[in-house]
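Shown below: data-v4.txt, with compact mmCIF, C-alpha atoms and all ligand atoms.
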```
# COMPACT_ATOMS: atom_id res chain seq x y z
CA MET A 1 4.95 -11.83 -7.26
CA PHE A 2 3.80 -15.40 -6.70
CA GLY A 3 7.18 -16.36 -5.23
CA ALA A 4 7.34 -13.38 -2.88
CA VAL A 5 3.81 -13.87 -1.58
CA PHE A 6 4.29 -17.60 -1.10
CA ALA A 7 7.63 -16.94 0.64
CA ARG A 8 6.06 -14.48 3.06
CA CYS A 9 3.12 -16.79 3.79
CA ALA A 10 5.54 -19.67 4.44
CA ALA A 11 7.73 -17.49 6.70
CA ASP A 12 4.64 -16.38 8.63
CA ARG A 13 4.03 -20.09 9.32
CA GLY A 14 7.52 -20.61 10.70
CA LYS A 15 9.25 -21.91 7.53
CA ARG A 16 12.66 -20.82 6.30
CA VAL A 17 12.69 -19.64 2.70
CA LEU A 18 15.38 -19.07 0.09
CA ILE A 19 14.36 -17.03 -2.96
CA VAL A 20 16.49 -17.20 -6.07
CA ASP A 21 15.88 -14.85 -8.96
CA LYS A 22 17.99 -14.50 -12.05
CA ARG A 23 17.29 -10.78 -12.28
CA PRO A 24 19.34 -8.20 -10.36
CA HIS A 25 16.23 -6.98 -8.53
CA ILE A 26 13.19 -8.27 -6.63
CA ALA A 27 9.50 -7.62 -7.46
CA GLY A 28 9.38 -9.40 -10.84
CA ASN A 29 7.50 -7.47 -13.49
CA CYS A 30 6.03 -5.19 -10.81
CA TYR A 31 9.50 -3.68 -10.37
CA SER A 32 9.42 0.12 -10.25
CA GLN A 33 12.13 2.76 -9.89
CA GLN A 34 12.21 6.43 -8.95
CA VAL A 35 13.18 8.74 -11.81
CA ALA A 36 13.11 12.48 -11.05
CA GLY A 37 10.75 11.79 -8.16
CA ILE A 38 8.37 9.75 -10.34
CA GLU A 39 7.82 6.05 -9.74
CA VAL A 40 8.40 4.40 -13.14
CA HIS A 41 6.82 0.97 -13.78
CA ARG A 42 9.75 -0.66 -15.59
CA TYR A 43 7.84 -3.65 -17.01
CA GLY A 44 4.57 -2.00 -17.97
CA PRO A 45 1.80 -0.39 -15.95
CA HIS A 46 0.58 -2.23 -12.85
CA ILE A 47 -2.73 -1.05 -11.48
CA PHE A 48 -3.81 -2.88 -8.37
CA HIS A 49 -7.46 -3.87 -7.99
CA THR A 50 -9.28 -6.62 -6.11
CA ASP A 51 -12.61 -7.62 -4.64
CA ASN A 52 -10.92 -10.16 -2.40
CA SER A 53 -10.68 -8.68 1.10
CA GLN A 54 -8.06 -11.21 2.24
CA VAL A 55 -5.80 -10.22 -0.65
CA TRP A 56 -6.41 -6.54 0.09
CA GLN A 57 -5.59 -7.01 3.78
CA PHE A 58 -2.46 -8.93 2.88
CA VAL A 59 -0.99 -6.27 0.56
CA ASN A 60 -1.94 -3.53 3.01
CA ARG A 61 0.45 -5.08 5.54
CA PHE A 62 3.30 -3.99 3.29
CA ALA A 63 2.18 -0.70 1.73
CA ARG A 64 -0.44 1.96 1.96
CA PHE A 65 -2.30 2.44 -1.29
CA ASN A 66 -3.26 5.74 -2.86
CA GLU A 67 -6.76 6.37 -4.21
CA TYR A 68 -5.92 5.96 -7.88
CA VAL A 69 -8.90 4.55 -9.79
CA HIS A 70 -8.10 3.67 -13.37
CA ARG A 71 -10.10 5.29 -16.16
CA GLY A 72 -8.84 4.58 -19.65
CA GLN A 73 -8.81 6.43 -22.92
CA VAL A 74 -8.55 5.22 -26.49
CA ASN A 75 -7.00 7.15 -29.34
CA SER A 76 -8.36 6.03 -32.71
CA GLY A 77 -8.06 7.86 -36.01
CA GLY A 78 -6.84 10.94 -34.11
CA ARG A 79 -9.95 11.04 -31.87
CA THR A 80 -9.95 10.27 -28.17
CA PHE A 81 -12.69 8.22 -26.54
CA SER A 82 -13.50 7.18 -23.00
CA PHE A 83 -12.65 3.49 -22.47
CA PRO A 84 -13.84 0.91 -21.35
CA ILE A 85 -16.98 1.33 -23.44
CA ASN A 86 -19.54 3.23 -21.35
CA LEU A 87 -22.23 5.84 -21.88
CA ARG A 88 -19.62 8.59 -22.30
CA THR A 89 -17.98 6.59 -25.11
CA LEU A 90 -21.30 6.06 -26.85
CA GLU A 91 -22.16 9.73 -26.44
CA GLU A 92 -18.82 10.73 -27.98
CA LEU A 93 -19.43 8.36 -30.87
CA TRP A 94 -23.18 8.33 -31.46
CA GLY A 95 -24.53 11.27 -29.50
CA VAL A 96 -26.73 9.08 -27.28
CA SER A 97 -27.05 10.53 -23.79
CA THR A 98 -29.17 8.18 -21.67
CA PRO A 99 -28.71 4.52 -20.68
CA GLU A 100 -32.00 3.69 -22.45
CA GLU A 101 -30.86 5.24 -25.74
CA ALA A 102 -27.50 3.47 -25.41
CA LYS A 103 -29.17 0.09 -24.83
CA LEU A 104 -31.47 0.57 -27.83
CA LYS A 105 -28.59 1.56 -30.08
CA LEU A 106 -26.45 -1.36 -28.92
CA ALA A 107 -29.36 -3.76 -29.44
CA ALA A 108 -29.64 -2.44 -33.02
CA VAL A 109 -25.94 -2.86 -33.89
CA ARG A 110 -25.19 -6.15 -32.11
CA VAL A 111 -24.45 -9.02 -34.47
CA PRO A 112 -26.73 -11.92 -33.52
CA ILE A 113 -24.31 -14.74 -32.75
CA ALA A 114 -25.90 -17.24 -30.38
CA GLU A 115 -22.70 -19.00 -29.35
CA PRO A 116 -19.64 -16.82 -29.99
CA LYS A 117 -16.66 -19.07 -30.66
CA ASN A 118 -13.83 -16.58 -30.36
CA LEU A 119 -12.87 -13.06 -29.27
CA ARG A 120 -14.07 -11.41 -32.50
CA GLU A 121 -17.47 -13.10 -32.42
CA TRP A 122 -17.95 -12.34 -28.75
CA VAL A 123 -17.23 -8.62 -29.19
CA LEU A 124 -19.46 -8.42 -32.29
CA SER A 125 -22.26 -10.10 -30.36
CA GLN A 126 -21.94 -7.53 -27.57
CA VAL A 127 -21.30 -4.21 -29.32
CA GLY A 128 -21.37 -4.71 -33.11
CA GLU A 129 -18.99 -3.99 -35.98
CA GLU A 130 -18.22 -0.27 -35.52
CA LEU A 131 -17.11 -0.49 -31.89
CA TYR A 132 -15.19 -3.68 -32.66
CA GLU A 133 -13.27 -1.86 -35.40
CA ILE A 134 -12.54 1.25 -33.33
CA PHE A 135 -11.65 -0.28 -29.99
CA ILE A 136 -10.74 -3.93 -30.34
CA ARG A 137 -9.56 -5.19 -33.71
CA GLY A 138 -6.38 -3.13 -34.19
CA TYR A 139 -5.24 -3.20 -30.55
CA THR A 140 -5.84 -6.92 -30.13
CA THR A 141 -4.15 -7.82 -33.42
CA LYS A 142 -1.05 -5.83 -32.43
CA GLN A 143 -1.03 -7.09 -28.87
CA TRP A 144 -1.45 -10.78 -29.61
CA GLY A 145 0.06 -10.98 -33.10
CA ARG A 146 -2.97 -12.65 -34.65
CA ASP A 147 -6.51 -11.93 -35.75
CA PRO A 148 -9.05 -11.79 -32.88
CA ALA A 149 -10.92 -14.63 -34.63
CA HIS A 150 -8.09 -16.89 -33.47
CA LEU A 151 -8.15 -15.85 -29.82
CA PRO A 152 -10.38 -16.78 -26.86
CA ALA A 153 -12.99 -14.25 -25.71
CA SER A 154 -11.73 -14.57 -22.12
CA ILE A 155 -8.95 -12.06 -23.02
CA VAL A 156 -11.43 -9.20 -23.37
CA LYS A 157 -14.14 -10.33 -20.96
CA ARG A 158 -12.00 -8.82 -18.18
CA ILE A 159 -12.94 -5.35 -19.48
CA PRO A 160 -16.47 -4.15 -18.63
CA ILE A 161 -19.01 -2.81 -21.14
CA ARG A 162 -21.45 -0.37 -19.55
CA THR A 163 -24.39 1.79 -20.54
CA THR A 164 -23.95 4.07 -17.51
CA ARG A 165 -21.45 6.89 -17.01
CA ASP A 166 -19.32 4.68 -14.79
CA ASP A 167 -16.03 4.81 -16.70
CA ARG A 168 -13.80 2.87 -14.26
CA TYR A 169 -11.63 0.23 -15.92
CA PHE A 170 -12.22 -2.21 -13.06
CA ASP A 171 -15.36 -2.95 -11.04
CA ASP A 172 -13.42 -4.00 -7.94
CA ARG A 173 -14.05 -2.42 -4.54
CA HIS A 174 -10.37 -2.02 -3.69
CA GLN A 175 -8.10 -0.16 -6.09
CA GLY A 176 -4.92 1.87 -5.89
CA ILE A 177 -1.18 2.15 -6.40
CA PRO A 178 1.19 1.42 -3.50
CA ILE A 179 2.55 4.65 -2.04
CA GLY A 180 6.33 4.55 -2.30
CA GLY A 181 6.16 2.12 -5.21
CA TYR A 182 5.82 -1.59 -5.89
CA THR A 183 9.49 -2.31 -5.20
CA ARG A 184 9.13 -0.91 -1.67
CA LEU A 185 6.03 -3.07 -1.15
CA PHE A 186 8.03 -6.20 -2.05
CA GLU A 187 11.00 -5.11 0.06
CA ASN A 188 8.66 -4.92 3.03
CA MET A 189 7.04 -8.26 2.17
CA LEU A 190 10.43 -9.99 2.05
CA ASP A 191 11.80 -8.22 5.11
CA HIS A 192 11.58 -11.23 7.43
CA ASP A 193 14.30 -13.04 9.40
CA ALA A 194 13.31 -16.35 7.81
CA ILE A 195 13.60 -15.15 4.18
CA ASP A 196 16.89 -14.96 2.26
CA VAL A 197 16.97 -13.49 -1.24
CA HIS A 198 19.73 -14.37 -3.70
CA LEU A 199 19.62 -12.28 -6.87
CA GLN A 200 21.30 -12.97 -10.20
CA VAL A 201 21.11 -16.70 -9.61
CA ASP A 202 19.83 -18.82 -12.47
CA TYR A 203 17.74 -21.60 -10.93
CA PHE A 204 18.55 -23.96 -13.79
CA GLU A 205 22.28 -23.65 -13.22
CA GLN A 206 21.91 -24.74 -9.60
CA SER A 207 18.67 -26.68 -9.60
CA GLN A 208 20.14 -29.98 -8.33
CA GLY A 209 21.75 -28.39 -5.27
CA LEU A 210 18.75 -26.16 -4.61
CA LYS A 211 16.31 -29.06 -4.84
CA THR A 212 18.28 -31.15 -2.38
CA ALA A 213 18.65 -28.24 0.04
CA ALA A 214 14.93 -27.43 0.07
CA GLY A 215 12.10 -29.46 1.57
CA LYS A 216 9.83 -27.93 -1.03
CA THR A 217 10.45 -26.05 -4.27
CA VAL A 218 8.15 -23.40 -5.72
CA TYR A 219 8.85 -22.56 -9.35
CA THR A 220 7.52 -19.39 -10.97
CA GLY A 221 9.40 -19.31 -14.30
CA LYS A 222 8.22 -20.50 -17.69
CA LEU A 223 6.37 -23.82 -17.51
CA ASP A 224 7.87 -25.24 -20.71
CA GLU A 225 11.42 -24.23 -19.77
CA PHE A 226 11.18 -26.20 -16.51
CA PHE A 227 10.65 -29.36 -18.57
CA GLU A 228 13.37 -28.42 -21.07
CA TYR A 229 10.76 -27.80 -23.77
CA ARG A 230 10.30 -31.56 -24.14
CA PHE A 231 6.88 -31.28 -25.81
CA GLY A 232 7.74 -28.10 -27.74
CA GLU A 233 7.64 -24.40 -26.89
CA LEU A 234 4.64 -22.61 -25.44
CA GLU A 235 3.98 -19.23 -27.00
CA TYR A 236 4.29 -16.03 -24.98
CA ARG A 237 4.00 -12.41 -26.11
CA SER A 238 6.70 -9.99 -25.16
CA LEU A 239 6.97 -6.20 -25.01
CA ARG A 240 9.50 -3.52 -25.89
CA PHE A 241 9.39 -0.24 -23.98
CA GLU A 242 10.58 3.15 -25.19
CA THR A 243 10.85 5.52 -22.26
CA GLU A 244 11.66 9.23 -22.34
CA MET A 245 11.65 12.16 -19.99
CA ILE A 246 9.81 15.27 -21.07
CA SER A 247 8.89 18.50 -19.38
CA GLY A 248 5.29 19.31 -18.55
CA ASP A 249 2.33 17.02 -19.03
CA PHE A 250 2.04 14.75 -22.07
CA GLN A 251 -1.49 13.34 -21.96
CA SER A 252 -2.93 14.31 -18.55
CA SER A 253 -3.77 10.70 -17.73
CA ALA A 254 -1.81 7.57 -16.87
CA VAL A 255 -2.71 5.38 -19.87
CA VAL A 256 -3.88 6.12 -23.41
CA ASN A 257 -4.46 3.14 -25.71
CA TYR A 258 -3.72 3.47 -29.42
CA THR A 259 -6.01 1.12 -31.27
CA ASP A 260 -5.08 1.89 -34.91
CA ARG A 261 -3.24 -0.94 -36.65
CA ASP A 262 -0.60 1.34 -38.18
CA THR A 263 0.44 2.93 -34.85
CA ARG A 264 2.92 0.29 -33.80
CA TYR A 265 2.69 0.83 -30.06
CA THR A 266 -0.44 -0.18 -28.15
CA ARG A 267 -0.33 2.38 -25.37
CA ILE A 268 1.49 5.33 -23.85
CA ILE A 269 1.98 5.39 -20.10
CA GLU A 270 2.56 8.66 -18.27
CA HIS A 271 3.79 7.38 -14.93
CA LYS A 272 3.30 10.45 -12.77
CA HIS A 273 -0.47 10.28 -13.15
CA PHE A 274 -0.59 7.07 -11.11
CA GLU A 275 0.53 9.11 -8.14
CA PHE A 276 -0.96 12.59 -8.49
CA THR A 277 2.56 14.09 -8.33
CA GLN A 278 2.92 17.74 -9.27
CA SER A 279 6.31 17.20 -10.94
CA LYS A 280 7.20 19.67 -13.70
CA GLN A 281 8.86 16.80 -15.52
CA SER A 282 7.26 13.68 -16.83
CA VAL A 283 8.33 10.15 -17.82
CA ILE A 284 6.40 8.54 -20.64
CA THR A 285 6.67 5.01 -22.00
CA ARG A 286 5.49 3.69 -25.35
CA GLU A 287 4.67 -0.01 -25.25
CA TYR A 288 5.35 -2.13 -28.36
CA PRO A 289 4.13 -5.73 -28.40
CA LEU A 290 6.26 -8.40 -30.05
CA ALA A 291 6.64 -12.16 -30.27
CA SER A 292 8.59 -13.62 -27.39
CA ALA A 293 11.90 -15.32 -28.15
CA LYS A 294 14.83 -16.58 -26.12
CA GLY A 295 16.42 -13.62 -24.32
CA LEU A 296 13.23 -11.55 -24.28
CA VAL A 297 10.96 -11.21 -21.25
CA PRO A 298 7.80 -13.34 -21.62
CA TYR A 299 4.76 -11.34 -20.46
CA TYR A 300 1.56 -12.86 -21.80
CA PRO A 301 0.72 -16.54 -22.29
CA VAL A 302 -1.13 -17.01 -25.59
CA ARG A 303 -4.05 -19.24 -24.62
CA ASP A 304 -5.23 -20.26 -28.07
CA ALA A 305 -6.33 -23.82 -28.77
CA VAL A 306 -2.88 -25.15 -29.74
CA ASN A 307 -1.06 -23.64 -26.76
CA THR A 308 -3.80 -24.62 -24.30
CA ALA A 309 -3.49 -28.24 -25.42
CA LEU A 310 0.30 -28.13 -25.11
CA CYS A 311 0.04 -26.46 -21.71
CA GLY A 312 -2.20 -29.33 -20.55
CA ARG A 313 0.59 -31.82 -21.28
CA TYR A 314 3.11 -29.78 -19.28
CA LEU A 315 0.68 -29.29 -16.38
CA ALA A 316 0.23 -33.07 -16.18
CA GLU A 317 4.01 -33.37 -15.79
CA ALA A 318 3.98 -30.58 -13.21
CA GLN A 319 1.44 -32.51 -11.14
CA LYS A 320 3.78 -35.49 -10.97
CA SER A 321 6.96 -33.50 -10.33
CA GLY A 322 6.63 -32.80 -6.59
CA VAL A 323 7.41 -29.14 -7.34
CA LEU A 324 4.82 -26.38 -6.82
CA PHE A 325 4.09 -24.16 -9.84
CA GLY A 326 2.49 -20.71 -9.68
CA GLY A 327 2.15 -17.29 -11.28
CA ARG A 328 1.54 -16.18 -14.86
CA LEU A 329 4.45 -18.06 -16.40
CA ALA A 330 4.38 -21.33 -14.49
CA ALA A 331 0.58 -21.69 -14.53
CA TYR A 332 0.49 -20.34 -18.12
CA GLN A 333 -2.49 -18.14 -17.24
CA TYR A 334 -3.27 -14.49 -18.02
CA PHE A 335 -3.60 -13.60 -14.31
CA ASP A 336 -4.10 -10.17 -12.80
CA MET A 337 -1.99 -9.28 -9.75
CA HIS A 338 -4.73 -9.98 -7.22
CA GLN A 339 -5.29 -13.41 -8.74
CA VAL A 340 -1.59 -14.24 -8.43
CA ILE A 341 -1.59 -13.15 -4.79
CA GLY A 342 -4.82 -15.03 -4.04
CA SER A 343 -3.48 -18.22 -5.62
CA ALA A 344 -0.15 -17.98 -3.75
CA MET A 345 -2.01 -17.47 -0.45
CA ALA A 346 -4.27 -20.44 -1.23
CA MET A 347 -1.32 -22.65 -2.11
CA ALA A 348 0.45 -21.73 1.15
CA ARG A 349 -2.74 -22.51 3.10
CA LYS A 350 -2.97 -25.87 1.39
CA GLU A 351 0.69 -26.68 2.07
CA PHE A 352 1.03 -25.37 5.62
CA GLY A 353 -2.44 -24.67 7.03
CA SER A 354 -3.63 -21.33 8.40
CA ALA A 355 -1.24 -18.47 9.04
CA THR A 356 0.37 -18.19 12.44
CA VAL A 357 1.58 -14.64 12.02
CA ALA A 358 1.69 -13.01 15.45
CA PRO A 359 -0.54 -9.94 15.88
CA ALA A 360 2.53 -8.00 17.07
CA ASP A 361 4.28 -8.75 13.76
CA GLU A 362 1.29 -7.60 11.77
CA ALA A 363 1.31 -4.36 13.70
CA ALA A 364 5.02 -3.95 12.88
CA ASP A 365 4.29 -4.61 9.18
CA ARG A 366 1.65 -1.92 9.17
CA ARG A 367 3.98 0.62 10.79
CA ARG A 368 6.58 -0.13 8.12
CA ALA A 369 3.95 0.19 5.37
CA ALA A 370 2.98 3.60 6.67
N1 LIG A 401 -8.11 -4.46 -25.62
C1 LIG A 401 -8.47 -3.86 -26.81
N2 LIG A 401 -8.47 -2.50 -26.90
C2 LIG A 401 -8.10 -1.71 -25.86
C3 LIG A 401 -7.74 -2.31 -24.65
C4 LIG A 401 -7.74 -3.69 -24.56
O1 LIG A 401 -8.78 -4.55 -27.78
O2 LIG A 401 -8.12 -0.47 -26.02
C5 LIG A 401 -8.13 -5.93 -25.53
C6 LIG A 401 -6.78 -6.53 -25.94
O3 LIG A 401 -7.00 -7.76 -26.57
C7 LIG A 401 -6.08 -6.68 -24.61
C8 LIG A 401 -7.24 -7.13 -23.71
O4 LIG A 401 -8.34 -6.36 -24.20
O5 LIG A 401 -5.05 -7.65 -24.67
C9 LIG A 401 -7.04 -6.90 -22.23
O6 LIG A 401 -6.76 -5.53 -22.00
P1 LIG A 401 -6.04 -5.02 -20.67
O7 LIG A 401 -6.07 -3.54 -20.68
O8 LIG A 401 -6.64 -5.72 -19.50
O9 LIG A 401 -4.56 -5.54 -20.95
P2 LIG A 401 -3.25 -5.64 -20.02
O10 LIG A 401 -3.18 -4.36 -19.22
O11 LIG A 401 -3.39 -6.88 -19.19
O12 LIG A 401 -2.16 -5.75 -21.04
```
For this file, write the structure as structure tokens.
Amino acid sequence: MFGAVFARCAADRGKRVLIVDKRPHIAGNCYSQQVAGIEVHRYGPHIFHTDNSQVWQFVNRFARFNEYVHRGQVNSGGRTFSFPINLRTLEELWGVSTPEEAKLKLAAVRVPIAEPKNLREWVLSQVGEELYEIFIRGYTTKQWGRDPAHLPASIVKRIPIRTTRDDRYFDDRHQGIPIGGYTRLFENMLDHDAIDVHLQVDYFEQSQGLKTAAGKTVYTGKLDEFFEYRFGELEYRSLRFETEMISGDFQSSAVVNYTDRDTRYTRIIEHKHFEFTQSKQSVITREYPLASAKGLVPYYPVRDAVNTALCGRYLAEAQKSGVLFGGRLAAYQYFDMHQVIGSAMAMARKEFGSATVAPADEAADRRRAA
């Protein structure tokens, strides 16, 4: 995503761009494919949301977005709860029915921790032991492969906690799923005379030639791999997906999280519910977290104290390298999509100045998006 956005921004400013990707397809982990008329998110669910109007305008040049607004659910101990935690959740659990009652109850169960030092302490200080056990502890331990006491609170601060009936997963003004799929969005983004895309090319096998050919290199792979792991390996979490086609409707919503420790997957995705399709069939995916290793796809950087320190050493090298680094893997940051796009746009502005895209071209982009 970072590479594609940067490429398009550079092309809009009159630069020529060559993209190399070792995969056989574009769109990175946003890659989606049609199966029985359903757009399947091959590398996990991608739900677009942003408050940044420049980012929203940018992506709307390449796709129209549907009106999907994400509302989650948690399955715990065989019960289903509304998630993120909101008044409906607290009603389901405690029978409270007004914001005032919810606030009083939360105030009574919160664990007084003045300066929470980790994810566990932060959640306890916000919602207390019972909610921590039901919603956070099992899921987070499975997802990150360690106890929440050894993780930073920033991981969960992205999810709101509310005492109203607003049960949206994200607060952002702009939300949706690209109509026609993410892959189409990226095809449109890269559809520019000045952009060439070479797939199934391993950058490291051709890096010398590529570096000499290019005035500037943007690298979006793993940060530690770029430097041949010289200070040691950074830790990433990976995922395994089990996908099957069923008939009918499995769970009537796009995502259900399974927070119990002994259910090995963390969530089940039912892809058709991102698009309001009336298909009689359905594609569902169970998502199993696992440690990343060579040959597996790295998804999540593990920003604990040890890895953050190691990352700092690599970033210092990156600064000196003359190469530009961006995206989740190369910045070693747990970014959302809109943050990746925003940072790629900002980097292009810094490198090349303001966009010079002709209004006529923008109009053409919009027609294609429609
Ligand atoms: N999380 C949790 N229980 C849930 C959902 C999320 O404990 O039911 C925690 C977990 O640590 C997860 C983090 O919140 O990694 C961020 O969740 P999000 O849904 O944003 O994860 P993503 O979609 O980025 O994997």
Pick out the residues no farther than 8 Å from ligand LIG 401 (chain A), counting all atoms listed in the file, and list them as a ChimeraX atom specification.
/A:45-46,73-74,83-84,135-141,143-144,148,155-159,257-259,266,334,336
Can you pull out every residue within 12 Å of A:Ser247, counting all atoms listed in the file, but drop anything in the same chain fewer than 2 positions away, and send it as a ChimeraX atom specification?
/A:36,244-245,249-251,270,272,278-284
Using all atoms listed in the file, which residues of stretch 12-65 of chain A come within 9 Å of stretch 219-241 of chain A, and what is the closest atom pair for each, with the distance in Å to one decimal? Give it as JSON lines, sorted by chain and residue number.
```
{"residue": "A:Arg42", "atom": "CA", "partner": "A:Phe241", "partner_atom": "CA", "distance": 8.4}
{"residue": "A:Tyr43", "atom": "CA", "partner": "A:Phe241", "partner_atom": "CA", "distance": 7.9}
{"residue": "A:Gly44", "atom": "CA", "partner": "A:Phe241", "partner_atom": "CA", "distance": 7.9}
```
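Atom pair atom CA of A:Glu129 / atom CA of A:Leu104: separated by 15.6 Å.
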Give me, please, the distance in Å between atom CA of A:Met345 and atom CA of A:Gln175, quoted to one decimal.
19.2 Å
Selected residue of minimal separation from A:Phe352 among A:Lys216, A:Gly181, A:Phe58, A:Lys294, counting all atoms listed in the file
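The answer is A:Lys216, which sits nearest to A:Phe352.
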One-decimal distance in Å that lies between atom CA of A:Ile177 and atom CA of A:Phe335
17.8 Å
So that I can see what lies close to A:Ala316, please list as a list in words the residues with an atom at most 12 Å from it, counting all atoms listed in the file and leaving out residues fewer than 3 positions away in the same chain.
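Everything that qualifies: Leu223, Asp224, Phe227, Phe231, Ala309, Leu310, Cys311, Gly312, Arg313, Gln319, Lys320, Ser321, Gly322, Phe325 and Ala331 of chain A.
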N, CA, C and O atoms restored at stretch 67-78 of chain A, emitted as an mmCIF file, keeping the file's coordinate frame:
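Saved as selection33.cif:
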```
data_model
loop_
_atom_site.group_PDB
_atom_site.id
_atom_site.type_symbol
_atom_site.label_atom_id
_atom_site.label_comp_id
_atom_site.auth_asym_id
_atom_site.auth_seq_id
_atom_site.Cartn_x
_atom_site.Cartn_y
_atom_site.Cartn_z
ATOM 1 N N GLU A 67 -5.354 6.543 -3.806
ATOM 2 C CA GLU A 67 -6.760 6.370 -4.210
ATOM 3 C C GLU A 67 -6.912 6.351 -5.716
ATOM 4 O O GLU A 67 -7.982 6.671 -6.241
ATOM 5 N N TYR A 68 -5.840 5.990 -6.420
ATOM 6 C CA TYR A 68 -5.920 5.960 -7.880
ATOM 7 C C TYR A 68 -6.994 4.964 -8.349
ATOM 8 O O TYR A 68 -7.003 3.802 -7.924
ATOM 9 N N VAL A 69 -7.892 5.422 -9.171
ATOM 10 C CA VAL A 69 -8.900 4.550 -9.790
ATOM 11 C C VAL A 69 -8.705 4.693 -11.299
ATOM 12 O O VAL A 69 -8.755 5.808 -11.824
ATOM 13 N N HIS A 70 -8.462 3.575 -11.954
ATOM 14 C CA HIS A 70 -8.100 3.670 -13.370
ATOM 15 C C HIS A 70 -9.309 3.955 -14.267
ATOM 16 O O HIS A 70 -10.343 3.298 -14.160
ATOM 17 N N ARG A 71 -9.128 4.969 -15.117
ATOM 18 C CA ARG A 71 -10.100 5.290 -16.160
ATOM 19 C C ARG A 71 -9.301 5.394 -17.439
ATOM 20 O O ARG A 71 -8.338 6.158 -17.507
ATOM 21 N N GLY A 72 -9.666 4.626 -18.453
ATOM 22 C CA GLY A 72 -8.840 4.580 -19.650
ATOM 23 C C GLY A 72 -9.292 5.553 -20.726
ATOM 24 O O GLY A 72 -10.332 6.204 -20.605
ATOM 25 N N GLN A 73 -8.452 5.657 -21.724
ATOM 26 C CA GLN A 73 -8.810 6.430 -22.920
ATOM 27 C C GLN A 73 -8.285 5.681 -24.124
ATOM 28 O O GLN A 73 -7.244 5.034 -24.043
ATOM 29 N N VAL A 74 -8.997 5.821 -25.232
ATOM 30 C CA VAL A 74 -8.550 5.220 -26.490
ATOM 31 C C VAL A 74 -8.361 6.333 -27.517
ATOM 32 O O VAL A 74 -9.209 7.223 -27.643
ATOM 33 N N ASN A 75 -7.221 6.265 -28.209
ATOM 34 C CA ASN A 75 -7.000 7.150 -29.340
ATOM 35 C C ASN A 75 -7.177 6.315 -30.602
ATOM 36 O O ASN A 75 -6.505 5.313 -30.787
ATOM 37 N N SER A 76 -8.122 6.749 -31.451
ATOM 38 C CA SER A 76 -8.360 6.030 -32.710
ATOM 39 C C SER A 76 -8.628 7.052 -33.799
ATOM 40 O O SER A 76 -9.482 7.932 -33.623
ATOM 41 N N GLY A 77 -7.881 6.930 -34.885
ATOM 42 C CA GLY A 77 -8.060 7.860 -36.010
ATOM 43 C C GLY A 77 -7.916 9.322 -35.564
ATOM 44 O O GLY A 77 -8.611 10.202 -36.077
ATOM 45 N N GLY A 78 -7.071 9.570 -34.569
ATOM 46 C CA GLY A 78 -6.840 10.940 -34.110
ATOM 47 C C GLY A 78 -7.887 11.443 -33.128
ATOM 48 O O GLY A 78 -7.751 12.532 -32.580
#
```
